Every structure is written in structure tokens, then in C-alpha cells.
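Containing compact mmCIF, C-alpha atoms: my_file.txt.
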# COMPACT_ATOMS: atom_id res chain seq x y z
CA MET A 1 92.01 80.13 -37.06
CA SER A 2 91.23 76.96 -38.90
CA ASN A 3 88.70 74.64 -37.42
CA ARG A 4 90.63 71.41 -37.29
CA ALA A 5 89.17 68.65 -35.17
CA ARG A 6 91.31 69.17 -32.11
CA PRO A 7 91.08 67.16 -28.92
CA LEU A 8 88.97 69.15 -26.47
CA SER A 9 90.11 67.70 -23.20
CA PRO A 10 93.11 66.74 -21.12
CA HIS A 11 94.85 64.22 -23.32
CA LEU A 12 96.01 61.83 -20.65
CA GLN A 13 97.66 59.25 -22.88
CA VAL A 14 100.31 61.46 -24.48
CA TYR A 15 101.77 63.01 -21.33
CA ARG A 16 104.60 61.63 -19.26
CA PRO A 17 103.24 61.55 -15.71
CA GLN A 18 104.58 64.48 -13.69
CA LEU A 19 104.00 65.42 -10.09
CA THR A 20 101.77 68.33 -11.10
CA SER A 21 99.67 66.24 -13.50
CA VAL A 22 99.37 63.29 -11.13
CA THR A 23 98.22 65.50 -8.22
CA SER A 24 95.73 67.16 -10.58
CA ILE A 25 94.26 63.86 -11.79
CA ALA A 26 94.16 62.57 -8.21
CA HIS A 27 92.23 65.73 -7.29
CA ARG A 28 89.53 64.80 -9.81
CA ILE A 29 89.41 61.13 -8.85
CA SER A 30 89.28 61.90 -5.12
CA GLY A 31 86.57 64.51 -5.76
CA LEU A 32 84.46 62.05 -7.72
CA PHE A 33 84.90 59.46 -4.98
CA LEU A 34 84.00 62.03 -2.31
CA CYS A 35 80.55 62.38 -3.88
CA THR A 36 79.88 58.92 -2.43
CA ALA A 37 81.04 60.28 0.95
CA ALA A 38 78.50 63.11 0.68
CA VAL A 39 75.79 60.52 -0.04
CA GLY A 40 77.09 58.50 2.92
CA VAL A 41 76.85 61.48 5.30
CA ALA A 42 73.29 62.22 4.11
CA LEU A 43 72.27 58.55 4.46
CA ALA A 44 73.81 58.28 7.95
CA LEU A 45 71.86 61.37 9.07
CA LEU A 46 68.64 59.97 7.56
CA ALA A 47 69.28 56.69 9.38
CA LEU A 48 69.84 58.52 12.67
CA ALA A 49 66.60 60.46 12.13
CA ASN A 50 64.80 57.12 11.81
CA GLY A 51 65.36 56.21 15.45
CA GLU A 52 67.11 53.31 17.15
CA ALA A 53 66.67 50.85 14.27
CA GLY A 54 68.18 53.27 11.75
CA TYR A 55 71.03 54.10 14.09
CA ALA A 56 71.78 50.40 14.67
CA LEU A 57 71.77 49.75 10.91
CA ALA A 58 74.21 52.61 10.22
CA ARG A 59 76.44 51.63 13.19
CA ASP A 60 76.62 47.96 12.18
CA TRP A 61 77.24 48.79 8.55
CA LEU A 62 79.90 51.45 9.19
CA GLY A 63 81.44 49.30 11.95
CA SER A 64 81.89 46.24 9.72
CA THR A 65 85.28 45.62 8.11
CA PRO A 66 84.21 46.73 4.60
CA GLY A 67 82.48 49.72 6.21
CA LYS A 68 85.64 50.69 8.08
CA ILE A 69 87.73 50.36 4.91
CA LEU A 70 85.24 52.59 3.07
CA VAL A 71 85.29 55.21 5.86
CA LEU A 72 89.10 55.15 5.89
CA ALA A 73 89.12 55.67 2.10
CA TRP A 74 86.65 58.55 2.51
CA ILE A 75 88.87 60.19 5.14
CA ALA A 76 91.99 59.80 2.98
CA ALA A 77 90.26 61.18 -0.12
CA TRP A 78 88.73 64.05 1.87
CA VAL A 79 92.08 65.01 3.44
CA TYR A 80 93.88 64.85 0.09
CA HIS A 81 91.19 66.83 -1.74
CA PHE A 82 91.14 69.35 1.14
CA LEU A 83 94.93 69.92 1.16
CA ASN A 84 95.31 69.90 -2.62
CA GLY A 85 92.21 72.13 -2.88
CA ILE A 86 93.98 74.76 -0.77
CA ARG A 87 96.89 74.50 -3.24
CA HIS A 88 94.38 75.17 -6.05
CA LEU A 89 92.86 78.15 -4.20
CA VAL A 90 96.34 79.67 -3.79
CA TRP A 91 96.98 79.16 -7.53
CA ASP A 92 93.68 80.92 -8.25
CA THR A 93 95.13 84.08 -6.70
CA GLY A 94 98.00 83.90 -9.19
CA ARG A 95 100.58 82.84 -6.61
CA ALA A 96 102.94 79.84 -6.37
CA LEU A 97 102.48 78.97 -10.03
CA ASP A 98 106.13 78.43 -10.99
CA LEU A 99 107.14 74.81 -11.46
CA GLY A 100 109.48 74.55 -8.46
CA THR A 101 106.93 75.95 -5.99
CA ALA A 102 104.10 73.91 -7.55
CA GLU A 103 106.09 70.71 -7.15
CA ARG A 104 107.29 71.55 -3.64
CA TRP A 105 103.73 72.10 -2.37
CA GLY A 106 102.64 69.01 -4.29
CA TRP A 107 105.07 66.98 -2.18
CA VAL A 108 103.82 68.68 0.97
CA VAL A 109 100.28 67.57 0.09
CA ILE A 110 101.35 64.01 -0.78
CA LEU A 111 103.38 63.60 2.40
CA SER A 112 100.92 65.22 4.82
CA THR A 113 97.83 63.37 3.51
CA PRO A 114 98.69 60.03 5.18
CA VAL A 115 99.72 61.81 8.40
CA VAL A 116 96.46 63.78 8.73
CA THR A 117 94.45 60.72 7.62
CA ALA A 118 96.09 58.59 10.31
CA LEU A 119 95.46 61.31 12.90
CA ILE A 120 91.72 61.47 12.11
CA ALA A 121 91.39 57.66 11.85
CA TRP A 122 93.18 57.30 15.18
CA SER A 123 90.90 59.83 16.90
CA ILE A 124 87.80 58.05 15.55
CA TRP A 125 88.75 54.44 16.25
CA SER A 126 91.10 54.56 19.21
CA MET B 1 80.75 106.08 -31.88
CA SER B 2 80.21 102.36 -31.81
CA ALA B 3 81.60 102.11 -35.32
CA THR B 4 84.79 103.80 -34.09
CA LEU B 5 85.08 101.46 -31.14
CA ASP B 6 84.52 98.46 -33.36
CA ARG B 7 87.75 99.33 -35.17
CA PHE B 8 89.64 98.53 -31.99
CA ARG B 9 87.90 95.25 -31.34
CA THR B 10 89.82 92.32 -32.69
CA PRO B 11 88.03 89.13 -33.76
CA LEU B 12 89.39 87.59 -30.56
CA LYS B 13 86.70 89.36 -28.54
CA ARG B 14 84.40 86.68 -29.86
CA VAL B 15 85.40 83.46 -28.20
CA ARG B 16 85.84 80.91 -30.91
CA GLY B 17 86.53 77.57 -29.31
CA LEU B 18 84.29 78.03 -26.26
CA GLY B 19 85.71 74.80 -24.87
CA SER B 20 83.72 71.75 -23.93
CA ALA B 21 81.40 73.54 -21.50
CA LYS B 22 80.35 76.53 -23.70
CA GLY B 23 80.55 78.90 -20.75
CA GLY B 24 81.61 78.88 -17.17
CA VAL B 25 82.59 81.96 -15.13
CA HIS B 26 79.55 81.52 -12.89
CA HIS B 27 80.31 77.81 -12.52
CA TRP B 28 83.98 78.48 -11.79
CA TRP B 29 83.18 81.16 -9.20
CA TRP B 30 80.70 79.04 -7.21
CA GLN B 31 83.11 76.12 -7.21
CA ARG B 32 85.63 78.42 -5.45
CA VAL B 33 83.04 79.93 -3.06
CA THR B 34 81.87 76.48 -1.92
CA ALA B 35 85.51 75.34 -1.71
CA VAL B 36 86.37 78.22 0.64
CA ALA B 37 83.29 77.47 2.77
CA LEU B 38 84.22 73.79 2.90
CA VAL B 39 87.65 74.51 4.45
CA PRO B 40 86.32 75.36 7.95
CA LEU B 41 83.25 73.13 7.54
CA SER B 42 85.40 70.06 6.77
CA LEU B 43 87.71 70.72 9.72
CA TRP B 44 84.68 71.09 12.02
CA PHE B 45 83.03 67.94 10.63
CA TRP B 46 86.17 65.82 11.13
CA TRP B 47 86.35 67.04 14.71
CA PHE B 48 82.58 66.46 15.16
CA CYS B 49 82.84 62.82 13.98
CA ALA B 50 85.95 62.13 16.05
CA ALA B 51 84.40 63.72 19.14
CA HIS B 52 81.23 61.59 18.96
CA ALA B 53 82.64 58.34 17.58
CA GLY B 54 81.26 55.42 19.57
CA ALA B 55 78.36 57.44 20.99
CA ASP B 56 74.95 55.77 21.26
CA ALA B 57 71.83 56.85 19.36
CA ALA B 58 70.62 59.31 22.01
CA GLN B 59 74.06 60.95 22.30
CA TRP B 60 74.36 61.26 18.52
CA ARG B 61 70.87 62.77 18.27
CA ALA B 62 71.72 65.28 20.99
CA ALA B 63 74.97 66.17 19.20
CA VAL B 64 73.32 66.56 15.77
CA GLY B 65 70.31 68.39 17.23
CA ASP B 66 72.41 70.99 19.03
CA PRO B 67 71.50 74.28 17.25
CA LEU B 68 75.07 75.20 16.28
CA SER B 69 75.84 71.66 15.05
CA ALA B 70 72.56 71.52 13.10
CA VAL B 71 73.34 74.79 11.32
CA LEU B 72 76.90 73.66 10.53
CA LEU B 73 75.72 70.23 9.34
CA ILE B 74 73.12 71.72 6.99
CA SER B 75 75.72 74.21 5.70
CA LEU B 76 78.12 71.32 5.16
CA LEU B 77 75.51 69.28 3.26
CA VAL B 78 74.53 72.19 1.00
CA CYS B 79 78.16 73.14 0.21
CA LEU B 80 79.27 69.51 -0.17
CA PHE B 81 76.55 68.55 -2.63
CA HIS B 82 76.72 71.84 -4.54
CA HIS B 83 80.52 71.62 -4.83
CA GLY B 84 80.30 67.94 -5.77
CA GLN B 85 77.77 68.37 -8.55
CA LEU B 86 79.77 71.29 -9.98
CA GLY B 87 82.85 69.07 -10.07
CA VAL B 88 81.04 66.09 -11.61
CA GLN B 89 79.61 68.41 -14.26
CA VAL B 90 83.14 69.41 -15.35
CA ILE B 91 84.27 65.79 -15.48
CA VAL B 92 81.23 64.82 -17.59
CA GLU B 93 81.78 67.80 -19.92
CA ASP B 94 85.41 66.82 -20.37
CA TYR B 95 85.01 63.12 -21.01
CA VAL B 96 81.50 62.46 -22.35
CA HIS B 97 81.26 63.58 -25.97
CA VAL B 98 77.83 62.21 -26.86
CA ARG B 99 75.66 65.29 -26.37
CA TRP B 100 72.43 63.62 -25.19
CA LEU B 101 74.33 61.39 -22.77
CA GLU B 102 76.39 64.34 -21.49
CA LEU B 103 73.26 66.41 -20.83
CA SER B 104 71.41 63.47 -19.24
CA LEU B 105 74.31 62.72 -16.89
CA ILE B 106 74.62 66.37 -15.85
CA VAL B 107 70.89 66.71 -15.18
CA ALA B 108 70.82 63.38 -13.30
CA THR B 109 73.80 64.56 -11.19
CA LYS B 110 72.00 67.79 -10.30
CA PHE B 111 68.83 65.92 -9.34
CA LEU B 112 70.79 63.49 -7.14
CA ALA B 113 72.79 66.28 -5.49
CA PHE B 114 69.62 68.23 -4.78
CA ALA B 115 67.98 65.14 -3.28
CA GLY B 116 71.05 64.48 -1.13
CA ALA B 117 71.25 68.03 0.21
CA VAL B 118 67.50 68.28 0.89
CA GLY B 119 67.26 64.73 2.30
CA GLY B 120 70.25 65.15 4.62
CA SER B 121 69.06 68.59 5.76
CA LEU B 122 65.56 67.26 6.46
CA ALA B 123 67.11 64.53 8.63
CA VAL B 124 69.05 67.16 10.61
CA VAL B 125 65.92 69.30 11.04
CA ARG B 126 63.86 66.29 12.19
CA ILE B 127 66.52 65.37 14.74
CA ALA B 128 66.89 68.99 15.90
CA LEU B 129 63.13 69.34 16.38
CA GLY B 130 62.99 66.02 18.19
CA ALA B 131 60.62 64.42 15.67
Would you write the structure of this file as C-alpha cells?
Amino acid sequence: MSNRARPLSPHLQVYRPQLTSVTSIAHRISGLFLCTAAVGVALALLALANGEAGYALARDWLGSTPGKILVLAWIAAWVYHFLNGIRHLVWDTGRALDLGTAERWGWVVILSTPVVTALIAWSIWS
Amino acid sequence: MSATLDRFRTPLKRVRGLGSAKGGVHHWWWQRVTAVALVPLSLWFWWFCAAHAGADAAQWRAAVGDPLSAVLLISLLVCLFHHGQLGVQVIVEDYVHVRWLELSLIVATKFLAFAGAVGGSLAVVRIALGA
């Protein structure tokens, strides 16, 4: 095999967006974003451990409009990554890999993400 | 004996490209293990947040300090940060092609993830012990 300088990584520019590729890229982006949610959970717990003042700080910050938008984005990303992650775990067993099934479950993930997100958001803020 | 066996080994047994990460079964496996653990832990955490939304400081501390909740929260933190840093590592390996920068970002990610998991767990332990 010759050692031509080949591109190593997903070459995003040359592909026509497809449901399978878009859900895959969204999995990465949501995962990256969810790292900030992990930091947020750790910081909220540290604030709570710091007594009333820490609790008040976390409550005011998370209760503000930008805070609520951030929490809603965290929930949406977490739900999407969760549902699409299950799709990935099924693929890892060698099942559901044909294009039709992959796309069908992709749609299931896309359509159920807003529903589950709304359900969680409603149970937190109602 | 080994000379005989070598006749049946094609050059393909030596991985040539190696890919951008230069290895990875261990990495791949632990990404799946933490993913599987995070399925029930995420569901529990969503319920936990929804159940205690709007609670005051004392109620939250009682909820977090409950032994079962404390164990689940620490498990969540460890799996979340471990899973997250494994994922970030793959993204860095795929898109950062300057070796020193790639390595620095990966090491920095691991340090931050470790700090997050330990810091968050310490907070849970402090609350659980009433400190």
C-alpha cells in the first residue's frame, strides 16, 4: 500500500448531508456541549456544599433567564445524546446497521428528543 | 514452528495506517462501559432534579446527602467526566493535527475531567457527612 497523504478524519466538506451523517455529527457536538453540563453539575454541588450563600448563588444564576436557557439547552443535548447513544450501542452489537433501519431510528431520535426535553423541562419548571 | 506459522501471516497483521489515535480498543471499550452505566444514571438524575426543583438549601442538602442519592451522584459524576474526556479525546485526535497542541489539549482535558469528578464528589461527601 502506497503511503499517499490521505485525509485522516471525517471529511465533512465533501459529503452531502444525510440523516445518518447529521445525527452522527450532532452526537459529537451535543457530547462536547454536555461537558459543560458535567462542569455545571459539579459546580452546583460545590455551591450547595458551601452553605446558604453558595446555594443562593447557584439558584439565582440558574434561575435567571440566561441560566434557564442554558439549562434547557443542557437538557435537550443530554436527551438527544442519550437517545442517539442507545442507537450507537445497538449498532455496536452489529444490529440495525442497514440504511433503512438506521434512518428510521434516526427519525425516532430526532422526533422524540423535543418531546422528552419538553417533558423534563415541564416537570422542573411547572 | 513459528517459522511455519509466519507463512500464514499476511502483512495485514501489522496495522499500517493506525489511524489518528494510534491505538484504541481500551478507549473504545470504556467509552461503551460508561455509556451503558450512564443510561440508568441519567434517567435517575433527570428524575432527581425534577423531584427537587424549587427546594430550598436544607431540602437540597437532605436530598443530596441521602446515602443512596450520594452514591448515585458520585457514580454519575465519575461516569460523566470519564465518558466526557474520552469523547473529547477522540474529537481532538480527529481534528487537531499539530502534535504538541493535540497532546496538550488531551492532557488538559484529562486534568480538568479529573478535577471535576473529584471536586463534585468531594462536595457530595461533604454534604452527606453534614460538613
Which residues of chain A are close to chain B, meaning at most 8 Å apart when you count all atoms listed in the file, and how do they look as a ChimeraX atom specification?
-> /A:8-10,28,31-32,34-35,38-39,41-43,45-46,48-49,51-52,55-56,82,85,89,120,123-125
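Atom pair CA of Trp100 in chain B / CA of Gly23 in chain B has a distance of 17.9 Å (rounded to one decimal).
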Once 8 Å is added on each side, what centre and edge lengths in Å to one decimal does the axis-aligned box around all listed atoms of range 14-33 of chain A have, as AutoDock Vina command-line options?
--center_x 94.5 --center_y 63.9 --center_z -14.7 --size_x 36.1 --size_y 24.9 --size_z 35.5
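Counting from CA of Leu111 in chain A, the distance to CA of Ser24 in chain A is 15.5 Å.
Nearest residue to Ser75 in chain B among B:Ala63, B:Val92, B:Ser104, B:Trp44 is B:Trp44, counting only C-alpha atoms.
Here CA of Ala37 in chain A is placed at a distance of 27.0 Å from CA of Val25 in chain B.
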Within 12 Å of Val90 in chain A, counting only C-alpha atoms, which residues show up once you throw out same-chain ones fewer than 6 positions away? Write them as a PyMOL selection string, please.
-> (chain A and resi 83-84+96-97+101-102+105) or (chain B and resi 32+35-36)
Shell around range 71-73 of chain A at 8 Å using only C-alpha atoms, local window under 3 positions removed, as a list in words = Leu62, Gly67, Lys68, Ala76, Ala77, Thr117 and Ala121 of chain A
